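Student: If it helps, the file is called model02.csv and holds CSV, C-alpha atoms:
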chain,number,residue,atom,x,y,z
S,992,MET,CA,62.9,-39.5,67.0
S,993,ALA,CA,63.7,-36.9,64.4
S,994,SER,CA,66.2,-39.1,62.7
S,995,THR,CA,63.9,-42.2,62.3
S,996,PRO,CA,62.4,-41.3,58.8
S,997,GLN,CA,65.9,-41.2,57.1
S,998,PRO,CA,66.7,-45.0,57.4
S,999,ARG,CA,63.2,-45.8,56.1
S,1000,LYS,CA,63.8,-43.8,52.9
S,1001,LEU,CA,67.1,-45.5,52.3
S,1002,SER,CA,65.5,-48.9,52.9
S,1003,ARG,CA,62.8,-48.2,50.4
S,1004,GLY,CA,65.3,-47.0,47.8
S,1005,HIS,CA,67.4,-50.1,48.4
S,1006,PHE,CA,64.4,-52.4,48.2
S,1007,LEU,CA,63.3,-51.0,44.8
S,1008,ARG,CA,66.8,-51.3,43.5
S,1009,GLU,CA,67.3,-54.9,44.6
S,1010,PRO,CA,64.3,-56.5,42.6
S,1011,THR,CA,65.3,-54.4,39.6
S,1012,LEU,CA,68.8,-55.9,39.7
S,1013,ILE,CA,67.4,-59.4,40.3
S,1014,ALA,CA,65.1,-59.0,37.2
S,1015,LEU,CA,68.0,-57.8,35.0
S,1016,GLN,CA,70.2,-60.6,36.2
S,1017,ASN,CA,67.6,-63.2,35.5
S,1018,LEU,CA,67.1,-61.8,32.0
S,1019,ARG,CA,70.9,-61.9,31.4
S,1020,ALA,CA,71.3,-65.4,32.8
S,1021,HIS,CA,68.6,-67.0,30.6
S,1022,LYS,CA,68.9,-65.1,27.3
S,1023,LEU,CA,66.8,-67.5,25.2
S,1024,ARG,CA,64.1,-67.9,27.8
S,1025,SER,CA,64.1,-64.1,28.3
S,1026,PHE,CA,63.7,-63.5,24.5
S,1027,LEU,CA,60.8,-66.0,24.2
S,1028,MET,CA,59.2,-64.6,27.3
S,1029,LEU,CA,59.4,-61.0,26.0
S,1030,LEU,CA,58.6,-61.8,22.4
S,1031,GLY,CA,55.0,-60.8,22.7
S,1032,ILE,CA,55.8,-57.5,24.3
S,1033,ILE,CA,58.5,-56.8,21.7
S,1034,LEU,CA,56.1,-57.6,18.8
S,1035,SER,CA,53.3,-55.5,20.2
S,1036,VAL,CA,55.5,-52.5,21.0
S,1037,SER,CA,57.3,-52.6,17.6
S,1038,THR,CA,54.0,-52.9,15.8
S,1039,LEU,CA,52.5,-50.0,17.8
S,1040,ILE,CA,55.6,-47.8,17.0
S,1041,LEU,CA,55.6,-48.7,13.3
S,1042,VAL,CA,51.9,-47.9,12.9
S,1043,ILE,CA,52.3,-44.6,14.7
S,1044,ALA,CA,55.4,-43.9,12.6
S,1045,LEU,CA,53.6,-44.7,9.4
S,1046,VAL,CA,50.6,-42.6,10.3
S,1047,ALA,CA,52.7,-39.6,11.5
S,1048,GLY,CA,54.9,-39.8,8.4
S,1049,MET,CA,51.9,-40.0,6.1
S,1050,ASN,CA,50.2,-37.1,7.9
S,1051,GLN,CA,53.3,-34.9,7.5
S,1052,TYR,CA,53.7,-36.0,3.9
S,1053,PHE,CA,50.0,-35.4,3.1
S,1054,ALA,CA,50.1,-32.0,4.8
S,1055,GLU,CA,53.2,-30.9,2.8
S,1056,ARG,CA,52.5,-32.4,-0.6
S,1057,VAL,CA,48.7,-32.7,-0.9
S,1058,ALA,CA,46.8,-30.6,1.6
S,1059,ASN,CA,49.1,-27.5,1.3
S,1060,LEU,CA,47.0,-25.0,-0.6
S,1061,GLY,CA,49.3,-22.1,0.4
S,1062,SER,CA,49.7,-19.9,3.4
S,1063,ASN,CA,46.2,-19.2,4.9
S,1064,VAL,CA,44.5,-20.0,1.6
S,1065,PHE,CA,41.2,-21.7,1.0
S,1066,LEU,CA,39.2,-22.4,-2.2
S,1067,VAL,CA,35.7,-21.7,-3.3
S,1068,ALA,CA,34.8,-24.4,-5.9
S,1069,LYS,CA,31.8,-26.3,-7.3
S,1070,MET,CA,32.3,-29.3,-5.0
S,1071,GLY,CA,33.6,-29.4,-1.4
S,1072,ILE,CA,35.0,-32.4,0.5
S,1073,ILE,CA,32.3,-35.1,0.4
S,1074,THR,CA,33.0,-38.7,1.5
S,1075,ASP,CA,29.5,-40.1,1.3
S,1076,ASN,CA,28.4,-41.4,-2.1
S,1077,VAL,CA,24.8,-40.4,-1.7
S,1078,GLU,CA,25.7,-36.9,-0.6
S,1079,TYR,CA,28.1,-36.6,-3.5
S,1080,LEU,CA,25.4,-37.5,-6.0
S,1081,LYS,CA,23.1,-35.0,-4.4
S,1082,ALA,CA,25.8,-32.3,-4.6
S,1083,MET,CA,26.4,-33.1,-8.2
S,1084,ARG,CA,22.8,-32.4,-9.0
S,1085,ARG,CA,22.5,-29.4,-6.7
S,1086,ASN,CA,25.8,-27.5,-7.1
S,1087,ARG,CA,26.4,-25.0,-9.8
S,1088,ASP,CA,29.6,-24.0,-11.6
S,1089,VAL,CA,31.7,-21.3,-10.0
S,1090,THR,CA,31.7,-18.6,-12.7
S,1091,TRP,CA,33.9,-15.6,-13.6
S,1092,GLU,CA,31.1,-13.3,-12.3
S,1093,ASP,CA,31.4,-15.1,-8.9
S,1094,TYR,CA,35.1,-14.4,-8.9
S,1095,GLU,CA,34.6,-10.8,-9.7
S,1096,ALA,CA,32.0,-10.4,-6.9
S,1097,LEU,CA,34.3,-12.0,-4.3
S,1098,ARG,CA,37.3,-10.0,-5.5
S,1099,ASP,CA,35.5,-6.7,-5.4
S,1100,GLU,CA,33.2,-7.2,-2.3
S,1101,LEU,CA,35.1,-9.2,0.2
S,1102,LYS,CA,36.6,-7.1,3.0
S,1103,THR,CA,38.7,-9.5,5.0
S,1104,PRO,CA,41.1,-11.3,2.6
S,1105,ILE,CA,44.3,-9.8,1.3
S,1106,ARG,CA,44.1,-11.6,-2.1
S,1107,VAL,CA,41.5,-13.2,-4.2
S,1108,GLY,CA,42.7,-15.0,-7.3
S,1109,VAL,CA,41.3,-17.6,-9.7
S,1110,GLU,CA,42.5,-20.7,-11.5
S,1111,VAL,CA,41.0,-23.2,-13.9
S,1112,ARG,CA,42.4,-26.5,-15.0
S,1113,THR,CA,42.2,-29.0,-17.8
S,1114,ASN,CA,44.5,-31.8,-19.0
S,1115,GLY,CA,46.2,-31.3,-22.3
S,1116,LYS,CA,49.0,-32.1,-24.7
S,1117,VAL,CA,52.3,-30.2,-24.6
S,1118,ARG,CA,55.0,-30.6,-27.2
S,1119,ASN,CA,57.9,-29.1,-29.0
S,1120,GLU,CA,59.8,-30.1,-32.1
S,1121,ARG,CA,61.4,-33.1,-30.4
S,1122,GLN,CA,59.1,-34.4,-27.6
S,1123,SER,CA,55.4,-34.7,-27.0
S,1124,LEU,CA,53.8,-35.0,-23.5
S,1125,GLU,CA,50.3,-36.2,-22.8
S,1126,ASP,CA,48.0,-35.6,-19.8
S,1127,ILE,CA,49.7,-32.4,-18.6
S,1128,ASP,CA,47.9,-30.2,-16.1
S,1129,ILE,CA,47.1,-26.9,-18.0
S,1130,ARG,CA,46.2,-24.2,-15.5
S,1131,GLY,CA,44.9,-20.8,-16.3
S,1132,VAL,CA,45.8,-18.4,-13.4
S,1133,THR,CA,45.6,-14.8,-12.4
S,1134,ALA,CA,48.9,-13.2,-11.5
S,1135,ASN,CA,48.3,-13.1,-7.8
S,1136,ILE,CA,48.1,-16.9,-7.6
S,1137,GLY,CA,51.9,-16.8,-7.7
S,1138,GLU,CA,51.8,-15.1,-4.3
S,1139,MET,CA,49.4,-17.6,-2.8
S,1140,ASP,CA,50.4,-21.0,-4.4
S,1141,ILE,CA,53.1,-23.3,-3.1
S,1142,GLU,CA,54.9,-23.4,-6.5
S,1143,GLU,CA,57.8,-21.0,-6.8
S,1144,VAL,CA,59.7,-19.7,-9.9
S,1145,ALA,CA,63.2,-21.1,-10.3
S,1146,THR,CA,64.2,-19.2,-13.4
S,1147,GLY,CA,62.3,-16.5,-15.4
S,1148,ARG,CA,59.1,-15.1,-14.1
S,1149,TYR,CA,55.5,-15.8,-13.2
S,1150,VAL,CA,52.4,-14.8,-15.3
S,1151,SER,CA,51.7,-11.1,-14.9
S,1152,ASP,CA,48.6,-8.9,-14.9
S,1153,SER,CA,49.6,-7.5,-18.3
S,1154,ASP,CA,49.9,-11.1,-19.7
S,1155,ASP,CA,46.3,-11.7,-18.5
S,1156,GLN,CA,44.9,-8.5,-19.8
S,1157,HIS,CA,46.4,-8.9,-23.3
S,1158,HIS,CA,45.7,-12.7,-23.4
S,1159,ALA,CA,49.4,-13.2,-24.0
S,1160,MET,CA,50.6,-16.6,-25.3
S,1161,VAL,CA,53.1,-17.2,-22.5
S,1162,ALA,CA,53.7,-20.1,-20.2
S,1163,LEU,CA,55.4,-21.0,-16.9
S,1164,ILE,CA,56.3,-24.7,-17.1
S,1165,GLY,CA,56.8,-27.2,-14.3
S,1166,ALA,CA,60.2,-28.8,-13.6
S,1167,GLU,CA,59.3,-32.2,-15.0
S,1168,VAL,CA,57.9,-30.6,-18.3
S,1169,ALA,CA,61.1,-28.6,-18.6
S,1170,LYS,CA,63.3,-31.6,-18.1
S,1171,LYS,CA,61.5,-33.7,-20.7
S,1172,LEU,CA,61.0,-31.0,-23.4
S,1173,PHE,CA,64.4,-29.3,-22.9
S,1174,PRO,CA,66.8,-31.9,-21.4
S,1175,SER,CA,70.0,-30.1,-22.4
S,1176,SER,CA,69.0,-26.5,-23.1
S,1177,ASP,CA,67.5,-23.5,-21.3
S,1178,PRO,CA,63.7,-23.4,-21.9
S,1179,LEU,CA,63.4,-19.6,-21.4
S,1180,GLN,CA,62.0,-17.9,-24.5
S,1181,LYS,CA,61.6,-21.2,-26.3
S,1182,SER,CA,58.4,-22.2,-28.0
S,1183,ILE,CA,56.1,-25.0,-27.0
S,1184,ILE,CA,52.7,-26.1,-28.4
S,1185,ILE,CA,49.8,-26.5,-26.0
S,1186,ASP,CA,46.8,-28.2,-27.5
S,1187,GLY,CA,47.7,-26.8,-31.0
S,1188,GLU,CA,48.5,-23.2,-29.8
S,1189,GLU,CA,52.0,-21.8,-29.7
S,1190,PHE,CA,53.3,-20.4,-26.4
S,1191,THR,CA,56.6,-18.8,-25.3
S,1192,VAL,CA,58.2,-20.1,-22.1
S,1193,ILE,CA,58.7,-17.3,-19.7
S,1194,GLY,CA,59.6,-19.3,-16.6
S,1195,VAL,CA,60.4,-22.6,-15.0
S,1196,ALA,CA,59.0,-23.6,-11.6
S,1197,LYS,CA,61.1,-25.1,-8.7
S,1198,PRO,CA,60.7,-28.8,-8.4
S,1199,VAL,CA,57.9,-29.8,-6.0
S,1200,GLY,CA,58.4,-33.6,-6.0
S,1201,THR,CA,56.0,-36.4,-6.0
S,1202,ALA,CA,52.8,-37.2,-4.0
S,1203,PHE,CA,52.1,-40.9,-3.5
S,1204,GLY,CA,54.4,-41.7,-6.5
S,1205,GLN,CA,52.7,-39.1,-8.8
S,1206,SER,CA,54.8,-36.2,-10.1
S,1207,GLN,CA,53.6,-32.8,-9.0
S,1208,ASP,CA,55.8,-31.0,-11.6
S,1209,ASN,CA,53.8,-32.0,-14.7
S,1210,PHE,CA,52.0,-28.6,-15.2
S,1211,VAL,CA,51.9,-25.5,-17.3
S,1212,TYR,CA,50.6,-22.1,-16.1
S,1213,ILE,CA,49.2,-19.7,-18.6
S,1214,PRO,CA,47.2,-16.4,-18.1
S,1215,VAL,CA,43.6,-17.2,-17.2
S,1216,GLY,CA,42.3,-14.9,-19.9
S,1217,THR,CA,44.3,-16.9,-22.5
S,1218,TRP,CA,43.0,-20.1,-21.0
S,1219,LEU,CA,39.4,-19.0,-21.2
S,1220,LYS,CA,39.9,-17.8,-24.8
S,1221,ILE,CA,41.3,-21.2,-25.9
S,1222,TYR,CA,39.1,-23.6,-23.9
S,1223,GLY,CA,36.0,-21.6,-23.3
S,1224,ARG,CA,34.1,-20.5,-20.3
S,1225,ASN,CA,32.0,-23.6,-19.7
S,1226,LYS,CA,34.3,-24.9,-17.0
S,1227,SER,CA,33.9,-24.3,-13.2
S,1228,LEU,CA,36.6,-22.1,-11.7
S,1229,HIS,CA,38.5,-22.4,-8.4
S,1230,ILE,CA,38.6,-19.1,-6.5
S,1231,ASN,CA,41.7,-18.9,-4.3
S,1232,ILE,CA,41.2,-16.6,-1.2
S,1233,GLN,CA,44.1,-15.7,1.1
S,1234,ALA,CA,43.2,-14.6,4.6
S,1235,ARG,CA,45.3,-12.1,6.5
S,1236,GLY,CA,46.5,-14.8,9.0
S,1237,PRO,CA,45.5,-18.0,10.6
S,1238,GLU,CA,43.3,-16.2,13.1
S,1239,TRP,CA,41.4,-14.7,10.2
S,1240,MET,CA,40.6,-17.9,8.3
S,1241,ALA,CA,37.3,-18.8,9.9
S,1242,ARG,CA,36.0,-15.2,9.6
S,1243,THR,CA,37.1,-14.9,5.9
S,1244,ARG,CA,35.6,-18.3,5.0
S,1245,GLU,CA,32.3,-17.3,6.6
S,1246,GLU,CA,32.3,-13.9,4.7
S,1247,ALA,CA,32.9,-15.7,1.4
S,1248,ARG,CA,30.2,-18.3,2.2
S,1249,VAL,CA,27.7,-15.6,3.0
S,1250,LEU,CA,28.4,-13.7,-0.1
S,1251,MET,CA,28.2,-16.8,-2.3
S,1252,ARG,CA,24.8,-17.7,-0.7
S,1253,SER,CA,23.6,-14.2,-1.3
S,1254,ARG,CA,24.6,-14.3,-4.9
S,1255,ARG,CA,22.7,-17.5,-5.4
S,1256,HIS,CA,19.6,-16.4,-3.5
S,1257,LEU,CA,19.7,-19.4,-1.1
S,1258,ALA,CA,17.1,-19.4,1.7
S,1259,PRO,CA,18.4,-20.0,5.3
S,1260,ASN,CA,17.2,-23.6,5.2
S,1261,GLN,CA,18.8,-24.4,1.9
S,1262,GLU,CA,22.2,-26.1,1.7
S,1263,ASP,CA,25.2,-24.5,0.0
S,1264,ASN,CA,25.3,-25.2,-3.7
S,1265,PHE,CA,29.0,-24.7,-3.8
S,1266,GLY,CA,32.0,-26.0,-1.9
S,1267,ILE,CA,34.7,-24.4,0.3
S,1268,ILE,CA,37.9,-26.4,0.6
S,1269,ALA,CA,40.6,-25.6,3.1
S,1270,SER,CA,43.7,-27.5,4.3
S,1271,ASP,CA,42.1,-28.4,7.5
S,1272,SER,CA,39.2,-30.0,5.6
S,1273,LEU,CA,41.6,-32.1,3.6
S,1274,MET,CA,43.5,-33.1,6.7
S,1275,ASP,CA,40.3,-34.1,8.5
S,1276,LEU,CA,39.5,-36.4,5.6
S,1277,TRP,CA,42.9,-37.8,5.6
S,1278,GLY,CA,42.8,-38.2,9.4
S,1279,ASN,CA,39.6,-40.3,9.1
S,1280,LEU,CA,41.4,-42.6,6.7
S,1281,THR,CA,44.5,-43.0,8.8
S,1282,GLY,CA,42.4,-43.3,11.9
S,1283,THR,CA,40.7,-46.3,10.4
S,1284,LEU,CA,44.1,-47.9,9.8
S,1285,ALA,CA,45.3,-47.1,13.3
S,1286,SER,CA,42.2,-48.5,15.0
S,1287,GLY,CA,42.4,-51.6,12.9
S,1288,MET,CA,45.9,-52.2,14.2
S,1289,VAL,CA,44.8,-51.8,17.9
S,1290,GLY,CA,43.3,-55.3,17.9
S,1291,LEU,CA,46.5,-56.8,16.6
S,1292,VAL,CA,48.6,-54.9,19.2
S,1293,SER,CA,46.2,-55.9,22.0
S,1294,ILE,CA,46.5,-59.6,21.1
S,1295,PHE,CA,50.3,-59.4,21.3
S,1296,LEU,CA,50.1,-57.5,24.6
S,1297,VAL,CA,47.9,-60.1,26.1
S,1298,ILE,CA,50.1,-62.9,24.9
S,1299,GLY,CA,53.2,-61.2,26.3
S,1300,GLY,CA,51.5,-60.4,29.6
S,1301,VAL,CA,50.3,-64.0,30.1
S,1302,VAL,CA,53.8,-65.3,29.3
S,1303,ILE,CA,55.3,-62.9,31.9
S,1304,MET,CA,52.7,-64.0,34.4
S,1305,ASN,CA,53.6,-67.7,33.9
S,1306,VAL,CA,57.3,-67.0,34.3
S,1307,MET,CA,56.7,-65.0,37.5
S,1308,LEU,CA,54.5,-67.8,38.9
S,1309,ALA,CA,57.4,-70.2,38.1
S,1310,SER,CA,59.8,-67.8,39.8
S,1311,VAL,CA,57.5,-67.7,42.9
S,1312,THR,CA,57.7,-71.5,43.1
S,1313,GLU,CA,61.5,-71.6,42.6
S,1314,ARG,CA,62.0,-68.9,45.3
S,1315,THR,CA,59.5,-70.1,47.9
S,1316,ARG,CA,62.2,-70.8,50.5
S,1317,GLU,CA,63.7,-67.4,49.8
S,1318,ILE,CA,60.4,-65.8,50.4
S,1319,GLY,CA,60.0,-67.7,53.7
S,1320,ILE,CA,63.5,-66.6,54.9
S,1321,ARG,CA,62.7,-62.9,54.0
S,1322,LYS,CA,59.4,-63.1,55.9
S,1323,SER,CA,61.0,-64.8,58.9
S,1324,LEU,CA,63.5,-61.9,59.0
S,1325,GLY,CA,60.7,-59.3,59.1
S,1326,ALA,CA,59.7,-58.7,55.5
S,1327,LYS,CA,56.0,-57.7,55.3
S,1328,ARG,CA,53.5,-58.7,52.7
S,1329,ARG,CA,53.7,-55.4,51.0
S,1330,ASP,CA,57.4,-55.8,50.7
S,1331,ILE,CA,57.1,-59.2,49.0
S,1332,LEU,CA,54.3,-57.8,46.8
S,1333,LEU,CA,56.4,-54.8,45.8
S,1334,GLN,CA,59.4,-57.0,45.0
S,1335,PHE,CA,57.6,-59.2,42.5
S,1336,LEU,CA,55.7,-56.3,41.0
S,1337,VAL,CA,58.9,-54.4,40.4
S,1338,GLU,CA,60.5,-57.5,38.8
S,1339,SER,CA,57.6,-58.1,36.4
S,1340,THR,CA,57.4,-54.4,35.5
S,1341,VAL,CA,61.2,-54.2,34.8
S,1342,MET,CA,61.1,-57.3,32.6
S,1343,SER,CA,58.2,-56.0,30.6
S,1344,SER,CA,59.9,-52.6,30.3
S,1345,VAL,CA,63.0,-54.2,28.9
S,1346,GLY,CA,60.7,-55.9,26.3
S,1347,GLY,CA,59.2,-52.5,25.5
S,1348,LEU,CA,62.7,-50.9,25.1
S,1349,ALA,CA,63.7,-53.8,22.8
S,1350,GLY,CA,60.5,-53.3,20.8
S,1351,VAL,CA,61.2,-49.5,20.4
S,1352,PHE,CA,64.7,-50.3,19.2
S,1353,VAL,CA,63.4,-52.8,16.6
S,1354,ALA,CA,60.7,-50.4,15.4
S,1355,TRP,CA,63.2,-47.5,15.1
S,1356,VAL,CA,65.6,-49.6,13.0
S,1357,LEU,CA,62.8,-50.8,10.7
S,1358,ALA,CA,61.4,-47.3,10.4
S,1359,VAL,CA,64.7,-45.8,9.5
S,1360,THR,CA,65.4,-48.6,7.0
S,1361,VAL,CA,62.0,-48.2,5.3
S,1362,ARG,CA,62.3,-44.4,5.2
S,1363,ASN,CA,65.8,-44.6,3.6
S,1364,THR,CA,65.1,-47.4,1.1
S,1365,THR,CA,61.5,-46.8,0.0
S,1366,PRO,CA,59.3,-43.8,-0.8
S,1367,VAL,CA,57.1,-44.6,2.2
S,1368,PRO,CA,57.4,-41.7,4.7
S,1369,MET,CA,58.1,-42.7,8.3
S,1370,ALA,CA,58.4,-40.5,11.4
S,1371,VAL,CA,58.8,-41.8,15.0
S,1372,PRO,CA,57.4,-39.2,17.4
S,1373,ILE,CA,59.0,-39.1,20.9
S,1374,ALA,CA,55.5,-39.2,22.4
S,1375,ALA,CA,55.0,-42.6,20.7
S,1376,VAL,CA,58.2,-44.0,22.3
S,1377,VAL,CA,57.1,-42.8,25.8
S,1378,LEU,CA,53.6,-44.2,25.2
S,1379,ALA,CA,54.9,-47.6,24.1
S,1380,ILE,CA,57.3,-47.9,27.1
S,1381,GLY,CA,54.5,-46.8,29.4
S,1382,ILE,CA,52.1,-49.4,28.0
S,1383,SER,CA,54.6,-52.2,28.2
S,1384,SER,CA,55.4,-51.3,31.8
S,1385,ALA,CA,51.7,-51.2,32.7
S,1386,VAL,CA,51.2,-54.7,31.1
S,1387,GLY,CA,54.0,-56.1,33.2
S,1388,MET,CA,52.6,-54.5,36.4
S,1389,PHE,CA,49.0,-55.8,35.6
S,1390,PHE,CA,50.0,-59.3,34.8
S,1391,GLY,CA,52.5,-59.4,37.7
S,1392,VAL,CA,49.8,-58.7,40.3
S,1393,TYR,CA,48.6,-62.3,40.6
S,1394,PRO,CA,52.1,-63.9,41.1
S,1395,ALA,CA,53.0,-61.1,43.4
S,1396,ARG,CA,49.9,-61.6,45.6
S,1397,LYS,CA,50.5,-65.3,45.6
S,1398,ALA,CA,54.1,-64.8,46.8
S,1399,ALA,CA,53.0,-62.2,49.4
S,1400,ARG,CA,50.4,-64.6,50.9
S,1401,LEU,CA,52.8,-67.5,51.4
S,1402,ASP,CA,52.9,-68.8,55.0
S,1403,PRO,CA,56.6,-68.3,56.1
S,1404,ILE,CA,56.7,-71.6,58.0
S,1405,GLU,CA,55.3,-73.6,55.1
S,1406,ALA,CA,57.6,-71.7,52.7
S,1407,LEU,CA,60.7,-72.6,54.8
S,1408,ARG,CA,59.7,-76.3,54.7
S,1409,PHE,CA,59.3,-76.2,50.9
S,1410,GLU,CA,61.7,-78.3,48.8
S,1411,ASN,CA,62.3,-77.7,45.1
Represent the structure contained in this file as structure tokens.
Tutor:
Amino acid sequence: MASTPQPRKLSRGHFLREPTLIALQNLRAHKLRSFLMLLGIILSVSTLILVIALVAGMNQYFAERVANLGSNVFLVAKMGIITDNVEYLKAMRRNRDVTWEDYEALRDELKTPIRVGVEVRTNGKVRNERQSLEDIDIRGVTANIGEMDIEEVATGRYVSDSDDQHHAMVALIGAEVAKKLFPSSDPLQKSIIIDGEEFTVIGVAKPVGTAFGQSQDNFVYIPVGTWLKIYGRNKSLHINIQARGPEWMARTREEARVLMRSRRHLAPNQEDNFGIIASDSLMDLWGNLTGTLASGMVGLVSIFLVIGGVVIMNVMLASVTERTREIGIRKSLGAKRRDILLQFLVESTVMSSVGGLAGVFVAWVLAVTVRNTTPVPMAVPIAAVVLAIGISSAVGMFFGVYPARKAARLDPIEALRFEN
């Protein structure tokens, strides 16, 4: 009696292996029919993988190139992240400029951050004796912005506190500006003209690259005191605040918010008349946009899946008809209903899984091709591959239930009498 369970386990394993081999043999024996049968599954899985790869690639690209404000850095600015047009118009009327006095108050009174800096921007014209560049991002910065920002110095140095205090006419230029103004010479200690004022180049930044086809290296950094002297103080500032670590971000943002509300004498029921921008806010906004794209593709993927599932069900029904005598023989030899049901379910699941694997392969080839030949970022997560194969297998199992039940309910005597 103790040895009876062992043959049953072997029988189960053998019985699962047999329909799997039958399904693979049928696919190999009828290649064109198999391709047409699995086309819906292949299209749905490849579409699903490509959409996920595009969204994942764009999310990574956005996080690195656009939403990266620096390590544990957030901004206090006139406007926050607003997606509703009505709310944006209200904020435009309600919000006040962030001033130098706001910066000094945050710098001197905040307890939790490790750094508080300020920057202010405008677009301007930069030239030397040979070349003129339009629409360059002219940024006035405090010296500690260099310790918070993602831009790094390649050669030379960053703006210093001494430069700011003395309103020095010095500039750190972006890699694209250096390439265009000084294509064959070292820019350091050379003169450039920024909106009619002469500056000396003290440094060149490391290349950042592009974001959505737009160069991120068309900028010039000058001391914020010099910027305010040239362009005036009637421009809202961006206050950069660096928390001590990720776990301090929420507390530091709330402390800055409370201090700004106190400075502006806002009642508890009044909305903020300033904005706080952090990387997670930008990523949430981006996630909403990409989520809309992904949800829009779900309908298309669902249609392909249903089509593929219906085709597999029809093929399995035809297979039941072709193998009616075989089913009758198996039942006459002792096969039970659940054995026949399991056999056909395994076959339909295996066929659908093969289609899923083919779809993954097609999507991977397309994703690699797009990533290597175009600026569109693509990244295929392993989780997406597992999900796609799981969905394709589930579709095969779901649409295989009806043919499997039909096969399992065949009367063995009538099945043995059946002639193709």
Student: With all atoms listed in the file as the atoms that count, which of S:Ser1227, S:Gln1207, S:Gln1051, S:Ser1272 lies nearest to Asn1086 (chain S)?
Tutor: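 Of S:Ser1227, S:Gln1207, S:Gln1051, S:Ser1272, the one nearest Asn1086 (chain S) is S:Ser1227, counting all atoms listed in the file.
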Student: One decimal, Å: what's the distance from CA of Met1304 (chain S) over to CA of Ser1035 (chain S), could you say?
Tutor: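 Straight-line distance from CA of Met1304 (chain S) to CA of Ser1035 (chain S) works out to 16.6 Å.
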Student: Kindly give the distance, in Å, that separates CA of Val1292 (chain S) and CA of Phe1352 (chain S), rounded to a single decimal.
Tutor: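 These two atoms are separated by 16.7 Å.
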Student: Report as a Markdown table the residues of region 1135-1158 of chain S within 9 Å of region 1104-1128 of chain S, each with its shortest atom pair and distance in Å (one decimal), using only C-alpha atoms, ordered by chain and increasing residue number.
Tutor:
| residue | atom | partner | partner_atom | distance |
| --- | --- | --- | --- | --- |
| S:Asn1135 | CA | S:Gly1108 | CA | 5.9 |
| S:Ile1136 | CA | S:Gly1108 | CA | 5.7 |
| S:Glu1138 | CA | S:Arg1106 | CA | 8.7 |
| S:Met1139 | CA | S:Arg1106 | CA | 8.0 |
Student: Counting all atoms listed in the file, which residue out of S:Gly1391, S:Leu1333, S:Val1064, S:Leu1357 sits closest to Gly1236 (chain S)?
Tutor: S:Val1064
Student: Using all atoms listed in the file, find all polymer residues with an atom at most 8 Å away from the point (46.1, -34.2, 5.4); report them as a count of residues only.
Tutor: 15
Student: Around the point (47.7, -51.3, 17.0) (coordinates from the file), which residues reach within 9 Å if we count all atoms listed in the file? Answer as an MDAnalysis selection string.
Tutor: chainID S and resid 1035:1036 1038:1040 1042:1043 1284:1293
Student: Create the file for the chosen residues now, containing C-alpha atoms and written as a compact mmCIF listing (two decimals), in the coordinates of the input.
Tutor:
# COMPACT_ATOMS: atom_id res chain seq x y z
CA SER S 1035 53.30 -55.50 20.20
CA VAL S 1036 55.50 -52.50 21.00
CA THR S 1038 54.00 -52.90 15.80
CA LEU S 1039 52.50 -50.00 17.80
CA ILE S 1040 55.60 -47.80 17.00
CA VAL S 1042 51.90 -47.90 12.90
CA ILE S 1043 52.30 -44.60 14.70
CA LEU S 1284 44.10 -47.90 9.80
CA ALA S 1285 45.30 -47.10 13.30
CA SER S 1286 42.20 -48.50 15.00
CA GLY S 1287 42.40 -51.60 12.90
CA MET S 1288 45.90 -52.20 14.20
CA VAL S 1289 44.80 -51.80 17.90
CA GLY S 1290 43.30 -55.30 17.90
CA LEU S 1291 46.50 -56.80 16.60
CA VAL S 1292 48.60 -54.90 19.20
CA SER S 1293 46.20 -55.90 22.00
Student: In terms of the shortest atom-to-atom distance over only C-alpha atoms, which of S:Thr1217, S:Lys1171, S:Thr1133, S:Val1199 is closest to Ala1145 (chain S)?
Tutor: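 Ranking S:Thr1217, S:Lys1171, S:Thr1133, S:Val1199 by distance to Ala1145 (chain S), first place goes to S:Val1199.
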Student: Given the choices S:Leu1029, S:Ser1310, S:Leu1041, S:Lys1022, which gets closest to Val1361 (chain S) if the distance is worked out from all atoms listed in the file?
Tutor: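 Checking each candidate against Val1361 (chain S), we get S:Leu1041 as the closest.
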Student: Kindly give the distance, in Å, that separates CA of Thr1201 (chain S) and CA of Ile1164 (chain S), rounded to a single decimal.
Tutor: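 According to the coordinates, CA of Thr1201 (chain S) and CA of Ile1164 (chain S) are separated by 16.1 Å.
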Student: Of the candidates S:Gly1387, S:Pro1403, S:Gly1299, S:Gly1266, which one gets nearest to Met1070 (chain S) if we count all atoms listed in the file?
Tutor: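 So, comparing all the options, the nearest one is S:Gly1266.
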Student: Taking into account all atoms listed in the file, which residue in the set S:Leu1172, S:Val1351, S:Ile1318, S:Ala1166 is nearest to Leu1378 (chain S)?
Tutor: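 Closest candidate: S:Val1351.
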Student: Write out as a list in words each polymer residue whose atoms come within 9 Å of Ala1169 (chain S), counting only C-alpha atoms; drop sequence neighbours fewer than 6 positions from it.
Tutor: Asp1177, Pro1178, Val1195, Ala1196 and Asn1209 of chain S
Student: Considering only C-alpha atoms, return as an NGL selection string whatever protein or nucleic-acid residues lie within 10 Å of Val1089 (chain S), sequence-local ones (same chain, fewer than 6 positions apart) excluded.
Tutor: :S and (1067-1070 or 1225-1230 or 1251 or 1264-1266)
